[in-house]
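Chemist: The structure is given below, and queries will be raised subsequently.
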Amino acid sequence: MPELPEVETTRRGIAPLIEDAVIVRVIVRDRRLRWPVPPDLEQRLAGQRIQAVQRRAKYLLLRLDDCELIVHLGMSGSLRFLEEPTPPGAHDHIDWVFANGTLRLNDPRRFGCVLLANKADRHRLIADLGPEPLEADFSLDYLQQACRGRRVAIKQLLMNAHVVVGVGNIYANEALFRAGIHPRRAAGRISRDRLQRLITAVREVLNESIEHGGTTLRDFVGGDGRPGYFRIELKVYERAGYACERCGTPIRRIVQGQRATYYCARCQR
DNA sequence: ATCGGGACCTGCTTGC
DNA sequence: TGCAAGCAGGTCCCGA
């Protein structure tokens, strides 16, 4: 489910509700996430105050009094804050209970994870990540260096979190369309000018989506329980066979790295 | 070092 | 109507 805008939307939704709140208790109903939920999670978290709710890549980081909680929503996860007592439903794996309500993790596919760390930015999943796409260190010089000599397709490089974080399948497709770059083009064979267009395109699609509360595909809901609105217009994603809005050529669908790629063969070179 | 593919799961849609 | 196949927003890890 979530790409970066959805995770950021979730962060913004839950932060004002749980920052400064104290965890009364934690209920884990199913520990079988991508990695097992730590056996001492309940004990470690009880009584701790949430100092801050931050995001790094698609990870939500909850800074607590004496440790940090790392949460990834995987492909199908969501966090909701419930003000009223609500019976848990299918796939409601974890509750964090506060005096003013409950933060509940739901994740049907269980590709997400909930982990503990002393310092999240030194955790093995996070320490080696690339720059944030919306920060200045995702610069033209950086990207050109990262592409140099690489024969991998630009779309796959763009989705590699060690190069740049937070660009998932939807936004990789949309950004490449906006930048006019063919998704299969070798990363090392793209001019500096076109890499700059790509950086701009990535930032545009992510920012537009964040402004609109994240895209909704199927079942995304923000931290406050309201669905995101599908206001960012997808120009190629899931549009195979439809006419390209720019030139009328039918959008093509191919597969790269077991992921669907959509593009216009005329506009993207 | 780089890369491609398999793996982890459930649920929805599609086609026979 | 029922059932199987195919597909889905992520990303780690292995072997070549």
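Numbering starts fresh at 1 for the residues of each chain in the structure tokens, the chains themselves are lettered A, B, ... in the order given, and ligands are numbered from 1 as they appear.
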May I have the residues within 9 Å of stretch 243-254 of chain A as a PyMOL selection string, using only C-alpha atoms (C1' of nucleotides) and disregarding those fewer than 3 positions away in the same chain?
Modeler: chain A and resi 235-240+259-267
Chemist: Can I get the selected residues back with C-alpha atoms, as an mmCIF file, in the first residue's frame?
Modeler:
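Result written to again-v4.cif:
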```cif
data_model
loop_
_atom_site.group_PDB
_atom_site.id
_atom_site.type_symbol
_atom_site.label_atom_id
_atom_site.label_comp_id
_atom_site.auth_asym_id
_atom_site.auth_seq_id
_atom_site.Cartn_x
_atom_site.Cartn_y
_atom_site.Cartn_z
ATOM 1 C CA LYS A 235 -0.687 9.615 -16.344
ATOM 2 C CA VAL A 236 0.629 6.116 -16.996
ATOM 3 C CA TYR A 237 0.247 3.883 -13.928
ATOM 4 C CA GLU A 238 -2.360 1.164 -14.562
ATOM 5 C CA ARG A 239 -3.247 2.831 -17.854
ATOM 6 C CA ALA A 240 -2.052 0.138 -20.252
ATOM 7 C CA ARG A 259 7.084 -5.114 -11.133
ATOM 8 C CA ALA A 260 4.704 -3.628 -13.663
ATOM 9 C CA THR A 261 6.092 -0.728 -15.670
ATOM 10 C CA TYR A 262 3.886 1.628 -17.686
ATOM 11 C CA TYR A 263 5.187 4.105 -20.199
ATOM 12 C CA CYS A 264 4.621 5.913 -23.462
ATOM 13 C CA ALA A 265 7.002 4.596 -26.103
ATOM 14 C CA ARG A 266 6.799 7.860 -28.022
ATOM 15 C CA CYS A 267 7.179 10.398 -25.222
#
```
Chemist: Which residues, written as a list in words, have at least one atom at most 10 Å from stretch 2-8 of chain B, with only C-alpha atoms (C1' of nucleotides) counted and residues fewer than 4 positions away on the same chain left out?
Modeler: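 My reading of the contact set: Leu33, Arg34, Trp35, Arg109, Arg110, Phe111, Arg150, Arg151, Val152, Gln256, Gly257 and Gln258 of chain A; DC12, DC13, DC14, DG15 and DA16 of chain C.
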Chemist: For A:Glu132, please output as a list in words all residues within 8 Å (counting only C-alpha atoms (C1' of nucleotides); exclusion window: fewer than 3 positions along the same chain).
Modeler: Arg56, Ala57, Glu135, Asp137, Phe138, Val164, Val165 and Gly166 of chain A
Chemist: Each residue of chain A lying at most 7 Å from chain C should get a row with its shortest atom-to-atom pair and the distance in Å to one decimal, counting only C-alpha atoms (C1' of nucleotides); could you produce that, ordered by chain and increasing number, as a tab-separated table?
Modeler:
```
residue	atom	partner	partner_atom	distance
A:Met1	CA	C:DG9	C1'	3.5
A:Pro2	CA	C:DG9	C1'	5.2
A:Glu3	CA	C:DG9	C1'	6.2
A:Gly74	CA	C:DG10	C1'	5.3
A:Met75	CA	C:DG9	C1'	5.4
```
Chemist: Run DSSP on the backbone and give me the residues of stretch 19-121 of chain A it puts in strand (DSSP E), as an MDAnalysis selection string.
Modeler: chainID A and resid 25:28 52:56 59:63 68:72 78:82 92:98 101:106 113:117
